[in-house]
file run.txt (compact mmCIF, C-alpha atoms and all ligand atoms)
# COMPACT_ATOMS: atom_id res chain seq x y z
CA MET S 1 -55.27 -178.71 114.79
CA LEU S 2 -58.81 -178.22 116.05
CA THR S 3 -60.57 -174.97 115.24
CA LEU S 4 -63.07 -174.38 118.03
CA SER S 5 -65.91 -171.88 117.87
CA ALA S 6 -67.82 -170.08 120.60
CA ALA S 7 -70.48 -172.82 120.41
CA ASP S 8 -67.76 -175.47 120.87
CA VAL S 9 -66.48 -173.65 123.97
CA ASP S 10 -70.04 -173.52 125.36
CA ARG S 11 -70.42 -177.25 124.70
CA ALA S 12 -67.16 -178.10 126.46
CA LEU S 13 -67.47 -176.14 129.69
CA THR S 14 -69.74 -175.89 132.74
CA PHE S 15 -69.60 -173.11 135.32
CA PRO S 16 -69.03 -175.32 138.39
CA GLY S 17 -66.50 -177.37 136.39
CA LEU S 18 -64.45 -174.41 135.22
CA VAL S 19 -64.49 -172.81 138.69
CA GLU S 20 -62.85 -175.97 140.04
CA THR S 21 -60.42 -176.12 137.09
CA LEU S 22 -59.32 -172.56 137.87
CA ARG S 23 -59.06 -173.33 141.59
CA THR S 24 -56.58 -176.09 140.75
CA ALA S 25 -54.76 -173.94 138.18
CA PHE S 26 -54.23 -171.04 140.62
CA ARG S 27 -53.17 -173.47 143.36
CA ASP S 28 -50.67 -175.30 141.14
CA GLY S 29 -49.50 -172.26 139.17
CA ALA S 30 -48.10 -171.91 135.64
CA VAL S 31 -45.44 -169.78 134.04
CA GLN S 32 -47.03 -166.48 132.94
CA PRO S 33 -44.68 -163.68 131.88
CA VAL S 34 -45.97 -160.11 132.18
CA ARG S 35 -48.35 -159.65 129.29
CA HIS S 36 -47.63 -157.29 126.41
CA HIS S 37 -49.98 -154.34 126.73
CA HIS S 38 -49.97 -152.13 123.64
CA HIS S 39 -51.87 -148.92 123.09
CA VAL S 40 -53.01 -148.68 119.46
CA GLU S 41 -53.76 -145.04 118.59
CA LYS S 42 -56.16 -144.24 115.74
CA PRO S 43 -57.16 -140.90 114.26
CA ASP S 44 -60.95 -141.24 114.22
CA THR S 45 -61.92 -143.83 116.86
CA PRO S 46 -60.88 -144.42 120.47
CA ALA S 47 -57.55 -146.23 120.87
CA SER S 48 -57.53 -150.02 121.08
CA THR S 49 -55.54 -152.06 123.54
CA LEU S 50 -53.69 -155.07 122.12
CA LEU S 51 -52.79 -157.72 124.67
CA LEU S 52 -50.50 -160.71 124.08
CA MET S 53 -50.90 -163.23 126.88
CA PRO S 54 -48.60 -166.27 126.91
CA ALA S 55 -48.52 -168.98 129.57
CA TRP S 56 -47.21 -172.51 129.83
CA SER S 57 -47.30 -175.44 132.23
CA ASP S 58 -44.66 -175.17 134.94
CA PHE S 59 -42.65 -178.17 133.73
CA MET S 60 -39.77 -177.45 136.11
CA ALA S 61 -42.03 -177.42 139.17
CA SER S 62 -43.89 -180.58 138.13
CA GLY S 63 -40.70 -182.38 137.08
CA SER S 64 -42.44 -183.73 133.97
CA SER S 65 -43.06 -182.41 130.50
CA ALA S 66 -45.43 -185.25 129.64
CA LYS S 67 -48.78 -183.52 130.17
CA GLY S 68 -47.94 -179.91 129.62
CA HIS S 69 -49.22 -177.31 127.24
CA MET S 70 -48.19 -173.88 126.08
CA GLY S 71 -50.59 -171.24 124.89
CA VAL S 72 -51.00 -167.64 123.91
CA LYS S 73 -54.02 -165.37 123.69
CA ILE S 74 -54.11 -162.44 121.33
CA VAL S 75 -56.88 -160.15 122.47
CA THR S 76 -57.92 -156.60 121.65
CA VAL S 77 -60.15 -154.23 123.59
CA SER S 78 -61.67 -151.55 121.34
CA PRO S 79 -64.07 -149.30 123.28
CA GLY S 80 -65.23 -147.76 119.97
CA ASN S 81 -66.85 -151.09 119.08
CA ASN S 82 -69.86 -150.41 121.33
CA ALA S 83 -70.94 -147.57 119.03
CA LEU S 84 -70.82 -150.05 116.12
CA GLY S 85 -73.01 -152.53 118.01
CA LYS S 86 -70.04 -154.86 118.54
CA PRO S 87 -68.43 -156.09 121.78
CA ALA S 88 -65.20 -154.39 122.81
CA VAL S 89 -63.23 -157.60 123.37
CA MET S 90 -62.08 -159.73 120.39
CA GLY S 91 -59.46 -162.44 120.29
CA VAL S 92 -58.14 -165.93 119.62
CA TYR S 93 -56.41 -168.51 121.79
CA LEU S 94 -53.73 -170.80 120.40
CA LEU S 95 -53.04 -173.95 122.42
CA LEU S 96 -49.76 -175.78 121.72
CA ASN S 97 -48.38 -179.14 122.73
CA GLY S 98 -46.07 -178.53 125.67
CA VAL S 99 -43.35 -180.90 124.47
CA THR S 100 -43.22 -180.31 120.72
CA GLY S 101 -44.95 -176.96 120.31
CA GLU S 102 -47.34 -178.48 117.77
CA PRO S 103 -50.54 -176.42 117.49
CA GLU S 104 -53.40 -178.35 119.11
CA ALA S 105 -56.31 -175.94 118.96
CA LEU S 106 -57.27 -172.46 117.82
CA ILE S 107 -60.09 -171.42 120.11
CA ASP S 108 -62.56 -168.51 119.96
CA GLY S 109 -60.77 -166.15 122.34
CA GLN S 110 -63.72 -163.93 123.01
CA ARG S 111 -65.83 -166.77 124.35
CA LEU S 112 -62.93 -168.38 126.22
CA THR S 113 -62.33 -164.98 127.88
CA GLN S 114 -65.99 -164.66 128.88
CA TRP S 115 -66.00 -168.09 130.52
CA ARG S 116 -62.66 -167.84 132.28
CA THR S 117 -63.19 -164.28 133.52
CA ALA S 118 -66.63 -165.05 134.94
CA CYS S 119 -65.39 -168.27 136.55
CA ALA S 120 -62.38 -166.45 138.08
CA SER S 121 -64.85 -164.00 139.64
CA ALA S 122 -66.99 -166.89 140.88
CA LEU S 123 -63.88 -168.61 142.24
CA ALA S 124 -63.09 -165.43 144.20
CA ALA S 125 -66.70 -165.31 145.40
CA THR S 126 -66.35 -168.80 146.90
CA TYR S 127 -63.84 -167.24 149.33
CA LEU S 128 -65.26 -163.73 149.61
CA ALA S 129 -69.05 -163.63 149.21
CA ARG S 130 -71.36 -164.55 152.07
CA GLU S 131 -72.59 -168.12 151.79
CA ASP S 132 -76.19 -166.86 151.85
CA ALA S 133 -75.68 -164.17 149.15
CA SER S 134 -78.91 -164.21 147.17
CA HIS S 135 -79.24 -160.81 145.44
CA LEU S 136 -76.81 -160.18 142.60
CA LEU S 137 -76.47 -156.75 140.99
CA VAL S 138 -74.77 -156.86 137.59
CA ILE S 139 -73.52 -153.48 136.35
CA GLY S 140 -73.09 -153.53 132.59
CA ALA S 141 -74.98 -155.53 129.98
CA GLY S 142 -72.23 -156.31 127.50
CA ALA S 143 -70.73 -159.63 126.50
CA MET S 144 -69.34 -160.37 129.99
CA ALA S 145 -72.55 -159.67 131.89
CA PRO S 146 -74.56 -162.89 131.30
CA PHE S 147 -71.48 -165.00 132.03
CA LEU S 148 -70.94 -163.22 135.35
CA ALA S 149 -74.59 -163.80 136.29
CA ARG S 150 -74.41 -167.51 135.45
CA ALA S 151 -71.05 -168.01 137.17
CA HIS S 152 -72.04 -166.29 140.43
CA ALA S 153 -75.30 -168.26 140.43
CA ALA S 154 -73.25 -171.46 140.16
CA VAL S 155 -71.45 -170.80 143.46
CA ARG S 156 -74.00 -168.87 145.57
CA PRO S 157 -77.80 -169.30 146.09
CA ILE S 158 -78.74 -166.36 143.84
CA GLN S 159 -82.52 -165.75 143.90
CA LYS S 160 -82.66 -162.33 142.29
CA ILE S 161 -80.54 -160.67 139.59
CA SER S 162 -80.77 -156.91 139.00
CA ILE S 163 -79.06 -155.44 135.93
CA TRP S 164 -78.13 -151.78 135.60
CA ASN S 165 -76.61 -150.50 132.35
CA ARG S 166 -75.78 -147.13 130.81
CA THR S 167 -78.14 -147.98 127.95
CA PRO S 168 -81.29 -149.28 129.68
CA ALA S 169 -82.53 -151.17 126.59
CA ASN S 170 -79.47 -153.43 126.74
CA ALA S 171 -80.20 -154.21 130.40
CA GLU S 172 -83.80 -155.10 129.45
CA LYS S 173 -82.52 -157.39 126.70
CA LEU S 174 -80.11 -159.16 129.03
CA ALA S 175 -82.77 -159.54 131.73
CA ALA S 176 -85.07 -161.22 129.19
CA GLU S 177 -82.23 -163.55 128.10
CA LEU S 178 -81.55 -164.56 131.71
CA ARG S 179 -85.27 -165.00 132.48
CA ALA S 180 -85.47 -167.38 129.53
CA GLU S 181 -82.75 -169.42 131.26
CA GLY S 182 -84.86 -169.57 134.44
CA PHE S 183 -83.29 -166.74 136.47
CA ASP S 184 -85.37 -164.13 138.29
CA ALA S 185 -83.75 -161.22 136.45
CA ALA S 186 -84.90 -157.64 135.91
CA ALA S 187 -83.43 -154.43 134.56
CA ALA S 188 -82.92 -151.77 137.23
CA SER S 189 -83.04 -148.01 136.77
CA ASP S 190 -82.03 -146.96 140.30
CA LEU S 191 -78.34 -147.89 140.55
CA ASP S 192 -77.89 -146.31 143.99
CA GLY S 193 -80.89 -148.18 145.40
CA GLU S 194 -79.58 -151.48 144.02
CA LEU S 195 -76.07 -150.85 145.41
CA ALA S 196 -77.63 -150.44 148.86
CA THR S 197 -79.44 -153.78 148.79
CA ALA S 198 -77.31 -156.20 146.71
CA ASP S 199 -75.31 -159.00 148.36
CA ILE S 200 -72.93 -159.27 145.38
CA VAL S 201 -72.16 -156.38 143.02
CA SER S 202 -70.47 -157.53 139.82
CA SER S 203 -69.36 -154.74 137.49
CA ALA S 204 -68.13 -155.21 133.90
CA THR S 205 -68.17 -151.89 132.08
CA ILE S 206 -65.75 -149.60 130.28
CA SER S 207 -66.73 -146.71 132.50
CA PRO S 208 -63.88 -144.25 133.12
CA THR S 209 -65.66 -142.94 136.24
CA PRO S 210 -66.79 -144.86 139.33
CA LEU S 211 -70.25 -146.41 139.28
CA VAL S 212 -69.88 -148.34 142.57
CA LYS S 213 -70.20 -145.76 145.35
CA GLY S 214 -68.77 -147.13 148.57
CA VAL S 215 -70.94 -145.08 150.88
CA LEU S 216 -74.01 -146.94 149.63
CA LEU S 217 -72.79 -150.51 150.15
CA LYS S 218 -74.43 -152.45 152.96
CA PRO S 219 -72.33 -154.47 155.43
CA GLY S 220 -71.56 -157.96 154.12
CA THR S 221 -71.56 -157.02 150.43
CA HIS S 222 -69.05 -158.58 148.06
CA VAL S 223 -67.92 -156.31 145.19
CA ASP S 224 -66.55 -157.95 142.04
CA LEU S 225 -64.84 -155.49 139.68
CA VAL S 226 -64.13 -156.88 136.23
CA GLY S 227 -64.19 -153.90 133.91
CA GLY S 228 -61.35 -151.42 134.36
CA PHE S 229 -58.31 -152.74 132.54
CA THR S 230 -56.10 -149.63 132.35
CA PRO S 231 -54.88 -147.23 135.08
CA ASP S 232 -57.25 -144.49 133.90
CA LEU S 233 -60.45 -146.58 134.05
CA ARG S 234 -62.26 -146.87 137.34
CA GLU S 235 -65.50 -148.62 138.35
CA SER S 236 -65.43 -148.03 142.14
CA ASP S 237 -64.72 -144.90 144.19
CA ASP S 238 -62.25 -144.32 147.03
CA GLU S 239 -64.92 -144.96 149.66
CA ALA S 240 -65.56 -148.45 148.24
CA ILE S 241 -61.84 -149.18 148.55
CA ARG S 242 -61.66 -147.65 152.05
CA ARG S 243 -64.61 -149.68 153.37
CA SER S 244 -63.50 -152.99 151.86
CA ARG S 245 -61.02 -155.73 152.48
CA VAL S 246 -59.35 -155.74 149.05
CA PHE S 247 -58.39 -158.83 147.01
CA VAL S 248 -57.02 -159.15 143.46
CA ASP S 249 -56.59 -161.87 140.85
CA THR S 250 -52.84 -161.23 140.62
CA ARG S 251 -50.91 -158.54 142.52
CA ALA S 252 -48.59 -158.07 139.53
CA GLY S 253 -51.44 -157.31 137.13
CA ALA S 254 -53.85 -155.40 139.35
CA THR S 255 -51.27 -153.05 140.88
CA LYS S 256 -50.01 -152.10 137.43
CA GLU S 257 -53.04 -152.13 135.14
CA ALA S 258 -56.23 -151.61 137.15
CA GLY S 259 -57.31 -148.03 137.85
CA ASP S 260 -59.41 -149.30 140.76
CA ILE S 261 -56.17 -150.34 142.48
CA VAL S 262 -53.52 -148.11 140.82
CA GLN S 263 -55.31 -144.81 141.58
CA PRO S 264 -55.97 -145.46 145.30
CA LEU S 265 -52.39 -146.73 145.66
CA ALA S 266 -51.10 -143.51 144.09
CA SER S 267 -53.25 -141.28 146.29
CA GLY S 268 -52.51 -143.21 149.49
CA VAL S 269 -56.12 -144.35 149.99
CA LEU S 270 -54.80 -147.91 149.63
CA LYS S 271 -51.40 -149.26 150.64
CA THR S 272 -49.77 -152.25 148.98
CA ASP S 273 -50.00 -154.14 152.28
CA ASP S 274 -53.75 -153.49 152.42
CA ILE S 275 -54.24 -155.89 149.49
CA VAL S 276 -55.13 -158.93 151.55
CA ALA S 277 -54.49 -161.66 148.99
CA GLU S 278 -54.35 -162.72 145.37
CA LEU S 279 -56.25 -165.75 144.07
CA ALA S 280 -53.23 -168.07 144.27
CA GLU S 281 -52.87 -167.33 148.00
CA LEU S 282 -56.57 -167.96 148.61
CA THR S 283 -56.56 -171.26 146.71
CA ARG S 284 -53.42 -172.43 148.56
CA GLY S 285 -54.94 -171.55 151.93
CA GLN S 286 -52.08 -169.12 152.61
CA LYS S 287 -54.50 -166.25 153.21
CA LYS S 288 -58.07 -166.20 154.45
CA GLY S 289 -60.95 -164.70 152.50
CA ARG S 290 -64.07 -163.39 154.25
CA GLU S 291 -63.62 -163.33 158.01
CA SER S 292 -66.97 -161.96 159.20
CA ALA S 293 -70.56 -161.73 157.98
CA ASP S 294 -70.51 -157.93 158.08
CA GLU S 295 -67.30 -157.04 156.32
CA ILE S 296 -67.34 -155.70 152.76
CA THR S 297 -65.03 -157.57 150.42
CA LEU S 298 -63.81 -156.29 147.05
CA PHE S 299 -62.19 -158.37 144.33
CA LYS S 300 -60.50 -156.72 141.35
CA SER S 301 -59.61 -158.79 138.29
CA VAL S 302 -57.62 -157.79 135.24
CA GLY S 303 -57.25 -161.32 133.89
CA ALA S 304 -54.38 -163.77 133.95
CA ALA S 305 -52.89 -165.85 131.13
CA LEU S 306 -53.01 -168.86 133.44
CA GLU S 307 -56.82 -168.70 133.33
CA ASP S 308 -56.82 -168.85 129.52
CA LEU S 309 -54.37 -171.75 129.53
CA ALA S 310 -56.42 -173.73 132.06
CA ALA S 311 -59.70 -173.03 130.25
CA GLY S 312 -58.12 -173.74 126.84
CA ILE S 313 -56.81 -177.11 128.06
CA ALA S 314 -60.25 -177.94 129.51
CA VAL S 315 -61.95 -177.16 126.18
CA TYR S 316 -59.35 -179.13 124.20
CA ARG S 317 -59.56 -182.17 126.47
CA ALA S 318 -63.36 -182.18 126.31
CA LEU S 319 -63.50 -181.99 122.51
CA LYS S 320 -60.38 -183.67 121.12
CA GLY S 321 -62.18 -187.01 120.85
N1 LIG S 401 -60.93 -158.74 134.13
C1 LIG S 401 -60.86 -159.45 133.02
O1 LIG S 401 -60.20 -160.47 132.96
C2 LIG S 401 -61.65 -159.02 131.84
C3 LIG S 401 -62.15 -157.75 131.78
N2 LIG S 401 -62.93 -157.36 130.72
C4 LIG S 401 -63.40 -155.98 130.72
O2 LIG S 401 -64.76 -155.95 131.14
C5 LIG S 401 -65.42 -154.85 130.51
C6 LIG S 401 -66.69 -155.34 129.85
O3 LIG S 401 -66.34 -156.28 128.85
P1 LIG S 401 -67.45 -156.80 127.81
O4 LIG S 401 -68.74 -157.06 128.50
O5 LIG S 401 -66.80 -157.88 127.03
O6 LIG S 401 -67.59 -155.47 126.91
P2 LIG S 401 -68.78 -155.05 125.95
O7 LIG S 401 -68.18 -154.12 124.97
O8 LIG S 401 -69.53 -156.21 125.44
O9 LIG S 401 -69.75 -154.21 126.94
C7 LIG S 401 -69.34 -153.00 127.46
C8 LIG S 401 -70.25 -152.60 128.60
O10 LIG S 401 -69.73 -151.41 129.21
C9 LIG S 401 -70.72 -150.39 129.14
N3 LIG S 401 -70.05 -149.10 128.97
C10 LIG S 401 -69.21 -148.74 127.97
N4 LIG S 401 -68.76 -147.48 128.17
C11 LIG S 401 -69.35 -147.05 129.33
C12 LIG S 401 -69.30 -145.84 130.05
N5 LIG S 401 -68.55 -144.80 129.63
N6 LIG S 401 -70.03 -145.73 131.19
C13 LIG S 401 -70.78 -146.78 131.62
N7 LIG S 401 -70.87 -147.95 130.97
C14 LIG S 401 -70.16 -148.08 129.83
C15 LIG S 401 -71.58 -150.74 127.95
O11 LIG S 401 -72.81 -150.12 128.09
P3 LIG S 401 -73.77 -149.79 126.80
O12 LIG S 401 -74.65 -150.99 126.64
O13 LIG S 401 -74.48 -148.58 127.25
O14 LIG S 401 -72.86 -149.55 125.61
C16 LIG S 401 -71.66 -152.26 128.13
O15 LIG S 401 -72.56 -152.60 129.16
C17 LIG S 401 -64.39 -154.24 129.54
O16 LIG S 401 -63.75 -153.15 130.18
C18 LIG S 401 -63.39 -155.36 129.33
O17 LIG S 401 -62.11 -154.91 129.00
C19 LIG S 401 -63.31 -158.23 129.73
C20 LIG S 401 -62.83 -159.51 129.75
C21 LIG S 401 -61.88 -159.96 130.75
call {"tool": "encode", "arguments": {"input": "run.txt", "output": "structure tokens", "more": "lines below"}}
Ligand SMILES: NC(=O)C1=CN([C@@H]2O[C@H](COP(=O)(O)OP(=O)(O)OC[C@H]3O[C@@H](n4cnc5c(N)ncnc54)[C@H](OP(=O)(O)O)[C@@H]3O)[C@@H](O)[C@H]2O)C=CC1
result
Amino acid sequence: MLTLSAADVDRALTFPGLVETLRTAFRDGAVQPVRHHHHVEKPDTPASTLLLMPAWSDFMASGSSAKGHMGVKIVTVSPGNNALGKPAVMGVYLLLNGVTGEPEALIDGQRLTQWRTACASALAATYLAREDASHLLVIGAGAMAPFLARAHAAVRPIQKISIWNRTPANAEKLAAELRAEGFDAAAASDLDGELATADIVSSATISPTPLVKGVLLKPGTHVDLVGGFTPDLRESDDEAIRRSRVFVDTRAGATKEAGDIVQPLASGVLKTDDIVAELAELTRGQKKGRESADEITLFKSVGAALEDLAAGIAVYRALKG
């Protein structure tokens, strides 16, 4: 069995490559049971969330077990980690042979998650962001943020990246990292001003209260919400939902787990039928993404085990020798 580190994952993947891998994976589908979502209470730090995310190749649909894989991600989200200077998301991915169940690779789950989440957002942006989107606002400067910047820049002609973060010093640090990679990136202090001018707003925070205020968004904006992963977390307000055509990674996940969708559904601001499409429907051409230059589109992701399986297979194939 291969043991693959974050550096191995970085070596194996490219942003345009993984976007296309995920496009194929969502189009073809995989078996992905509802993930286990456990709340781990602790006396002296905020509760952790423990997620168990299995998926396997849809052997019955393909009619062949020859090329399949099974896999499971064990991932935790511990908001208290930020105060310790550590990222909230930790995890491992175990890839198994689809026929025999033999372990094939144990992959750094944190890094696999960063790549597949960012590329799922970029995949959505290929359907939902304006083709000429050039100003990206990233909200949050944690582990996900640089991956979201790189992934969006791989699918749209991004000229300028603004980064707003609760702790400004972390936004400055990320901006410097992205500038060293050749991006025109700068930390921003005026979130409202940035929301009013950005073409793509990509948010990956653990904020319990909305940061993306819908009233400020300009026509044509694409909003990419990555952060909120429980019904009580929320990155966008009701007005953002009201003004947008709303898309999700999976209806099953987003309508159950994402506060940005669950809360407006509960209050009646959003109806189930208002969710235009999930990624599988976009990739299969069953539903259309952006329909006009002026509409505001909003994509909410909570993550899907199929993304980990597809990314895990891509890493394994690239490195197995
Ligand atoms: N949709 C999906 O598939 C995935 C979603 N996620 C989610 O994305 C989010 C970010 O993940 P990641 O970058 O790995 O996490 P990190 O822990 O590395 O970063 C957390 C970020 O959130 C900010 N933040 C934390 N608390 C608040 C708050 N109360 N108000 C405003 N900002 C806050 C932090 O700011 P500061 O620098 O000030 O601490 C930091 O920018 C998490 O919620 C995670 O669960 C992650 C992976 C996959």
call {"tool": "closest_residue", "arguments": {"input": "run.txt", "among": "S:Val212, S:Ala61, S:Ala12, S:Leu18", "to": "Ala120 in chain S", "atoms": "only C-alpha atoms"}}
result
S:Leu18
call {"tool": "residues_near_ligand", "arguments": {"input": "run.txt", "ligand": "ligand LIG 401 (chain S)", "cutoff": "7 Å", "atoms": "only C-alpha atoms and all ligand atoms", "output": "MDAnalysis selection string"}}
result
chainID S and resid 77 79 81:82 86:89 113:114 117 140:145 165:167 170 204:208 226:229 301:304
call {"tool": "closest_atom_pairs", "arguments": {"input": "run.txt", "of": "range 58-142 of chain S", "to": "range 180-196 of chain S", "cutoff": "12 Å", "atoms": "only C-alpha atoms", "output": "CSV"}}
result
residue,atom,partner,partner_atom,distance
S:Ser134,CA,S:Asp184,CA,11.0
S:His135,CA,S:Glu194,CA,9.4
S:Leu136,CA,S:Glu194,CA,9.2
S:Leu137,CA,S:Glu194,CA,6.8
S:Val138,CA,S:Ala187,CA,9.5
S:Ile139,CA,S:Leu191,CA,8.5
S:Gly140,CA,S:Ala187,CA,10.6
S:Ala141,CA,S:Ala187,CA,9.7
call {"tool": "closest_residue", "arguments": {"input": "run.txt", "among": "S:His36, S:Ser5, S:Val31, S:Ser203", "to": "Ala105 in chain S", "atoms": "only C-alpha atoms"}}
result
S:Ser5
call {"tool": "residues_around", "arguments": {"input": "run.txt", "residues": "range 287-290 of chain S", "least_positions_apart": "3", "cutoff": "10 Å", "atoms": "all atoms listed in the file", "output": "MDAnalysis selection string"}}
result
chainID S and resid 124:130 220 222 245:247 276:284 293:297
call {"tool": "atom_distance", "arguments": {"input": "run.txt", "atom1": "CA of Lys218 in chain S", "atom2": "CA of Ala151 in chain S"}}
result
22.4 Å
call {"tool": "decode", "arguments": {"input": "run.txt", "residues": "range 111-119 of chain S", "atoms": "all heavy atoms", "output": "short mmCIF file (atom, residue, chain, number, x, y, z; two decimals), in the first residue's frame"}}
result
data_model
loop_
_atom_site.label_atom_id
_atom_site.label_comp_id
_atom_site.auth_asym_id
_atom_site.auth_seq_id
_atom_site.Cartn_x
_atom_site.Cartn_y
_atom_site.Cartn_z
N ARG S 111 -5.01 17.39 2.44
CA ARG S 111 -4.61 17.97 1.16
C ARG S 111 -5.53 17.51 0.03
O ARG S 111 -5.89 18.29 -0.86
CB ARG S 111 -3.14 17.58 0.86
CG ARG S 111 -2.54 18.29 -0.35
CD ARG S 111 -2.72 19.79 -0.28
NE ARG S 111 -2.11 20.39 0.89
CZ ARG S 111 -0.86 20.84 0.94
NH1 ARG S 111 -0.10 20.80 -0.13
NH2 ARG S 111 -0.39 21.35 2.04
N LEU S 112 -5.95 16.23 0.09
CA LEU S 112 -6.88 15.74 -0.93
C LEU S 112 -8.18 16.57 -0.87
O LEU S 112 -8.73 16.95 -1.91
CB LEU S 112 -7.20 14.27 -0.67
CG LEU S 112 -7.80 13.50 -1.85
CD1 LEU S 112 -6.77 13.29 -2.95
CD2 LEU S 112 -8.39 12.16 -1.41
N THR S 113 -8.62 16.88 0.35
CA THR S 113 -9.84 17.68 0.53
C THR S 113 -9.67 19.08 -0.04
O THR S 113 -10.57 19.62 -0.70
CB THR S 113 -10.18 17.77 2.03
OG1 THR S 113 -10.37 16.45 2.54
CG2 THR S 113 -11.45 18.58 2.27
N GLN S 114 -8.50 19.67 0.19
CA GLN S 114 -8.27 21.03 -0.33
C GLN S 114 -8.34 21.04 -1.85
O GLN S 114 -9.00 21.89 -2.45
CB GLN S 114 -6.90 21.55 0.16
CG GLN S 114 -6.90 21.85 1.65
CD GLN S 114 -5.54 21.73 2.30
OE1 GLN S 114 -4.52 21.51 1.63
NE2 GLN S 114 -5.51 21.88 3.61
N TRP S 115 -7.70 20.08 -2.47
CA TRP S 115 -7.70 20.02 -3.95
C TRP S 115 -9.10 19.74 -4.49
O TRP S 115 -9.58 20.43 -5.38
CB TRP S 115 -6.76 18.90 -4.42
CG TRP S 115 -5.34 19.29 -4.58
CD1 TRP S 115 -4.35 19.18 -3.65
CD2 TRP S 115 -4.72 19.84 -5.75
NE1 TRP S 115 -3.16 19.61 -4.17
CE2 TRP S 115 -3.35 20.01 -5.46
CE3 TRP S 115 -5.17 20.18 -7.01
CZ2 TRP S 115 -2.44 20.53 -6.38
CZ3 TRP S 115 -4.28 20.70 -7.94
CH2 TRP S 115 -2.93 20.87 -7.62
N ARG S 116 -9.76 18.73 -3.93
CA ARG S 116 -11.04 18.33 -4.55
C ARG S 116 -12.14 19.35 -4.29
O ARG S 116 -12.99 19.59 -5.14
CB ARG S 116 -11.43 16.91 -4.18
CG ARG S 116 -11.77 16.57 -2.73
CD ARG S 116 -13.08 17.15 -2.28
NE ARG S 116 -13.78 16.37 -1.30
CZ ARG S 116 -14.62 16.89 -0.41
NH1 ARG S 116 -14.81 18.19 -0.32
NH2 ARG S 116 -15.25 16.10 0.42
N THR S 117 -12.08 20.01 -3.13
CA THR S 117 -13.09 21.03 -2.82
C THR S 117 -12.92 22.24 -3.74
O THR S 117 -13.89 22.76 -4.30
CB THR S 117 -12.97 21.47 -1.35
OG1 THR S 117 -13.03 20.32 -0.52
CG2 THR S 117 -14.07 22.44 -0.97
N ALA S 118 -11.68 22.69 -3.88
CA ALA S 118 -11.41 23.85 -4.74
C ALA S 118 -11.77 23.54 -6.19
O ALA S 118 -12.35 24.37 -6.90
CB ALA S 118 -9.95 24.26 -4.61
N CYS S 119 -11.45 22.32 -6.63
CA CYS S 119 -11.73 21.97 -8.03
C CYS S 119 -13.23 21.76 -8.25
O CYS S 119 -13.72 22.00 -9.35
CB CYS S 119 -10.90 20.77 -8.46
SG CYS S 119 -9.16 21.24 -8.67
#
